[in-house]
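Peer 1: Contents of coords.pdb (PDB, C-alpha atoms and all ligand atoms):
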```
MODEL        1
ATOM      1  CA  MET A   1       6.565  19.818  14.129
ATOM      2  CA  THR A   2       2.962  20.400  13.184
ATOM      3  CA  THR A   3       0.818  22.349  10.815
ATOM      4  CA  ASP A   4       2.397  25.768  11.323
ATOM      5  CA  ALA A   5       5.927  24.713  10.413
ATOM      6  CA  ALA A   6       7.920  27.194   8.362
ATOM      7  CA  PRO A   7       7.706  26.667   4.611
ATOM      8  CA  GLU A   8      10.495  24.530   3.280
ATOM      9  CA  ILE A   9      11.643  23.514  -0.165
ATOM     10  CA  LEU A  10      11.917  19.759  -0.616
ATOM     11  CA  GLU A  11      12.780  17.608  -3.570
ATOM     12  CA  GLY A  12      11.358  14.278  -4.494
ATOM     13  CA  GLY A  13      10.570  11.947  -7.322
ATOM     14  CA  CYS A  14      10.211   8.386  -8.475
ATOM     15  CA  HIS A  15      12.412   5.423  -7.552
ATOM     16  CA  CYS A  16      14.724   5.296 -10.580
ATOM     17  CA  GLY A  17      15.356   9.046 -10.627
ATOM     18  CA  ALA A  18      13.900   9.749 -14.052
ATOM     19  CA  VAL A  19      11.154  11.930 -12.527
ATOM     20  CA  ARG A  20      12.350  14.634 -10.140
ATOM     21  CA  TYR A  21      10.575  17.666  -8.740
ATOM     22  CA  ARG A  22      10.915  20.448  -6.212
ATOM     23  CA  VAL A  23       8.023  21.444  -3.992
ATOM     24  CA  MET A  24       7.363  24.150  -1.428
ATOM     25  CA  VAL A  25       5.907  22.467   1.641
ATOM     26  CA  ARG A  26       3.841  24.984   3.615
ATOM     27  CA  SER A  27       1.756  22.610   5.663
ATOM     28  CA  HIS A  28       2.538  19.438   7.502
ATOM     29  CA  GLU A  29      -0.900  18.026   6.933
ATOM     30  CA  ALA A  30      -1.315  15.158   4.532
ATOM     31  CA  ILE A  31      -4.319  13.171   3.470
ATOM     32  CA  GLU A  32      -4.855   9.452   3.223
ATOM     33  CA  CYS A  33      -7.617   8.416   0.840
ATOM     34  CA  ASN A  34      -9.428   5.084   0.877
ATOM     35  CA  CYS A  35     -10.574   5.081  -2.766
ATOM     36  CA  SER A  36      -9.930   2.129  -5.036
ATOM     37  CA  VAL A  37      -6.698   3.439  -6.514
ATOM     38  CA  CYS A  38      -5.146   5.346  -3.591
ATOM     39  CA  ALA A  39      -5.624   2.436  -1.216
ATOM     40  CA  LYS A  40      -3.676   0.152  -3.532
ATOM     41  CA  LYS A  41      -0.946   2.708  -4.202
ATOM     42  CA  GLY A  42      -0.515   3.793  -0.594
ATOM     43  CA  PHE A  43      -0.432   7.383  -1.812
ATOM     44  CA  LEU A  44      -0.208  10.059   0.898
ATOM     45  CA  HIS A  45      -1.534  13.323  -0.508
ATOM     46  CA  LEU A  46       0.093  16.704  -0.150
ATOM     47  CA  ILE A  47      -1.899  19.061  -2.364
ATOM     48  CA  VAL A  48      -0.042  22.218  -3.390
ATOM     49  CA  PRO A  49      -0.694  25.121  -5.763
ATOM     50  CA  GLU A  50       0.878  24.713  -9.166
ATOM     51  CA  SER A  51       3.174  27.669  -8.361
ATOM     52  CA  ASP A  52       4.682  25.696  -5.472
ATOM     53  CA  PHE A  53       5.613  22.749  -7.690
ATOM     54  CA  LYS A  54       8.354  22.501 -10.282
ATOM     55  CA  LEU A  55       9.062  19.424 -12.341
ATOM     56  CA  LEU A  56      12.863  19.361 -12.645
ATOM     57  CA  HIS A  57      12.979  16.585 -15.212
ATOM     58  CA  GLY A  58      11.155  13.491 -16.336
ATOM     59  CA  ALA A  59       8.228  14.824 -18.349
ATOM     60  CA  ASP A  60       9.196  12.395 -21.106
ATOM     61  CA  ALA A  61       9.250   9.445 -18.664
ATOM     62  CA  ILE A  62       5.746  10.012 -17.343
ATOM     63  CA  THR A  63       2.812   7.836 -18.301
ATOM     64  CA  THR A  64      -0.702   8.789 -17.236
ATOM     65  CA  TYR A  65      -3.456   6.464 -16.095
ATOM     66  CA  THR A  66      -7.074   7.621 -15.909
ATOM     67  CA  PHE A  67     -10.342   5.878 -15.082
ATOM     68  CA  GLY A  68     -13.912   6.719 -14.091
ATOM     69  CA  THR A  69     -14.473  10.419 -14.813
ATOM     70  CA  HIS A  70     -10.902  10.671 -16.180
ATOM     71  CA  THR A  71     -10.474  13.969 -14.297
ATOM     72  CA  ALA A  72      -7.614  12.802 -12.129
ATOM     73  CA  LYS A  73      -4.394  12.316 -14.065
ATOM     74  CA  HIS A  74      -2.527   9.525 -12.324
ATOM     75  CA  HIS A  75       1.020  10.139 -13.518
ATOM     76  CA  PHE A  76       3.614   7.467 -12.981
ATOM     77  CA  CYS A  77       7.145   6.807 -14.111
ATOM     78  CA  SER A  78       7.181   4.491 -17.114
ATOM     79  CA  HIS A  79      10.533   3.034 -16.020
ATOM     80  CA  CYS A  80      10.050   2.242 -12.325
ATOM     81  CA  GLY A  81       6.277   2.539 -11.990
ATOM     82  CA  ILE A  82       6.246   4.886  -8.995
ATOM     83  CA  HIS A  83       3.393   7.399  -8.670
ATOM     84  CA  SER A  84       5.281  10.344  -7.186
ATOM     85  CA  TYR A  85       2.756  13.090  -8.029
ATOM     86  CA  TYR A  86      -0.420  13.600 -10.015
ATOM     87  CA  ARG A  87      -3.389  15.860 -10.746
ATOM     88  CA  PRO A  88      -6.185  15.029  -8.304
ATOM     89  CA  ARG A  89      -9.841  14.932  -9.231
ATOM     90  CA  SER A  90     -10.684  17.072  -6.172
ATOM     91  CA  HIS A  91      -8.228  19.841  -7.161
ATOM     92  CA  PRO A  92      -7.392  19.349 -10.861
ATOM     93  CA  GLU A  93      -5.769  22.780 -11.076
ATOM     94  CA  GLN A  94      -3.322  21.867  -8.313
ATOM     95  CA  VAL A  95      -0.615  19.274  -7.908
ATOM     96  CA  ASP A  96      -0.847  16.372  -5.495
ATOM     97  CA  VAL A  97       2.535  15.174  -4.304
ATOM     98  CA  ASN A  98       3.080  11.756  -2.753
ATOM     99  CA  LEU A  99       4.510  12.466   0.683
ATOM    100  CA  ARG A 100       6.232   9.079   0.542
ATOM    101  CA  CYS A 101       8.281  10.244  -2.463
ATOM    102  CA  LEU A 102       9.830  13.337  -0.878
ATOM    103  CA  ASP A 103      13.500  13.062   0.062
ATOM    104  CA  GLY A 104      14.294  12.843   3.754
ATOM    105  CA  VAL A 105      10.749  13.224   5.030
ATOM    106  CA  ASP A 106       9.836  11.736   8.383
ATOM    107  CA  LEU A 107       6.189  10.766   8.083
ATOM    108  CA  LEU A 108       5.838  11.270  11.833
ATOM    109  CA  ASP A 109       6.377  15.009  11.278
ATOM    110  CA  PHE A 110       3.092  15.116   9.391
ATOM    111  CA  THR A 111      -0.461  15.000  10.581
ATOM    112  CA  LEU A 112      -2.527  12.590   8.554
ATOM    113  CA  SER A 113      -6.203  13.149   7.995
ATOM    114  CA  THR A 114      -8.482  10.899   6.034
ATOM    115  CA  PHE A 115     -10.574  11.418   2.931
ATOM    116  CA  ASP A 116     -13.434   9.041   2.265
ATOM    117  CA  GLY A 117     -12.727   8.556  -1.414
ATOM    118  CA  GLN A 118     -14.954   5.493  -1.505
ATOM    119  CA  ASN A 119     -17.818   7.989  -1.168
ATOM    120  CA  TRP A 120     -16.167  10.712  -3.215
ATOM    121  CA  GLU A 121     -19.222  12.822  -4.114
ATOM    122  CA  ASP A 122     -20.341  12.974  -0.481
ATOM    123  CA  SER A 123     -16.890  13.826   0.843
ATOM    124  CA  VAL A 124     -15.290  16.211  -1.623
ATOM    125  CA  GLU A 125     -16.854  19.494  -0.466
ATOM    126  CA  GLU A 126     -15.626  18.940   3.060
ATOM    127  CA  LEU A 127     -12.139  18.198   1.708
ATOM    128  CA  ARG A 128     -12.137  21.328  -0.490
ATOM    129  CA  THR A 129     -13.229  23.488   2.457
ATOM    130  CA  ARG A 130     -10.607  21.976   4.725
ATOM    131  CA  HIS A 131      -7.913  22.510   2.094
ATOM    132  CA  ARG A 132      -8.968  26.106   1.363
ATOM    133  CA  ASN A 133      -8.863  27.012   5.037
ATOM    134  CA  ARG A 134      -5.256  26.070   5.428
ATOM    135  CA  GLN A 135      -3.897  27.900   2.392
TER     136      GLN A 135
HETATM  137 ZN    ZN B   1      11.264   6.103 -12.256
ENDMDL
END
```
Please lay out the structure from this file as structure tokens.
Ligand SMILES: [Zn+2]
Peer 2:
Amino acid sequence: MTTDAAPEILEGGCHCGAVRYRVMVRSHEAIECNCSVCAKKGFLHLIVPESDFKLLHGADAITTYTFGTHTAKHHFCSHCGIHSYYRPRSHPEQVDVNLRCLDGVDLLDFTLSTFDGQNWEDSVEELRTRHRNRQ
């Protein structure tokens, strides 16, 4: 299965189950970022329009970490600590789901591309163009 897979509705969330969401997956392309925080988290990015994301429950369990420009809102579950989705600095109006937190996903079904978050300012336009072209 590659990038032109049929859209499918998947659910996911944190480890303890406090945070749960439903997401429409329209593309099997995910992004791995090498910035200071993503590298440590192991976050695999699936950026979707807000209309394709629905938080089922857990808003009250979410804590948000910010740093640097404070544009990205790094949400995580205050009980189990898992970062299952957040608001990315590159696309603050969209939702960035952690591919690793979706139920039943085989990572091998996804194509991973890289984002050079260590050099964010130099890399972000290319990422935004790439993302726009596949929506
Ligand atoms: Zn949790």
Peer 1: Could the residues that lie within 9 Å of ligand ZN 1 (chain B), counting only C-alpha atoms and all ligand atoms, be listed as a VMD selection string?
Peer 2: chain A and resid 13 to 20 58 61 to 62 76 to 84
Peer 1: Could you check the closest approach to Glu29 (chain A) for each of A:Asp109, A:Asp60, A:Asp116, A:Glu126 and tell me which residue wins, using all atoms listed in the file?
Peer 2: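 Smallest separation from Glu29 (chain A) among the options: A:Asp109.
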Peer 1: Could you jot down the CA of Asn98 (chain A) to CA of His45 (chain A) separation for me, Å, one decimal place?
Peer 2: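 Taking CA of Asn98 (chain A) as the start and CA of His45 (chain A) as the end point, the length is 5.4 Å.
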Peer 1: Which one is closest to Asp96 (chain A): A:Glu50, A:Thr63, A:Asn34, A:Phe110? Count only C-alpha atoms.
Peer 2: A:Glu50
Peer 1: Which one is closest to Ala39 (chain A): A:Ser27, A:Ser51, A:Ser90, A:Gln118? Count only C-alpha atoms.
Peer 2: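 Once distances to Ala39 (chain A) are computed over only C-alpha atoms, the minimum belongs to A:Gln118.
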Peer 1: Calculated over only C-alpha atoms, which of the candidates A:Glu121, A:Leu10, A:Leu44, A:Leu56 has the smallest distance to Arg100 (chain A)?
Peer 2: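 Once distances to Arg100 (chain A) are computed over only C-alpha atoms, the minimum belongs to A:Leu44.
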Peer 1: Considering only C-alpha atoms, return as a PyMOL selection string whatever protein or nucleic-acid residues lie within 8 Å of Glu93 (chain A), sequence-local ones (same chain, fewer than 2 positions apart) excluded.
Peer 2: chain A and resi 49-50+87+91+95
Peer 1: Interatomic distance between CA of His28 (chain A) and CA of Asp106 (chain A)?
Peer 2: 10.6 Å
Peer 1: Excluding Thr114 (chain A) and residues on its chain fewer than 2 positions from it, collect all residues at most 9 Å away from it, counting only C-alpha atoms, and give them as a list in words.
Peer 2: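 In the requested form, the answer reads Ala30, Ile31, Glu32, Cys33, Asn34, Leu112, Asp116 and Gly117 of chain A.
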Peer 1: A:Ala59, A:Cys35, A:Val23, A:Leu108: which is nearest Glu11 (chain A), counting all atoms listed in the file?
Peer 2: A:Val23
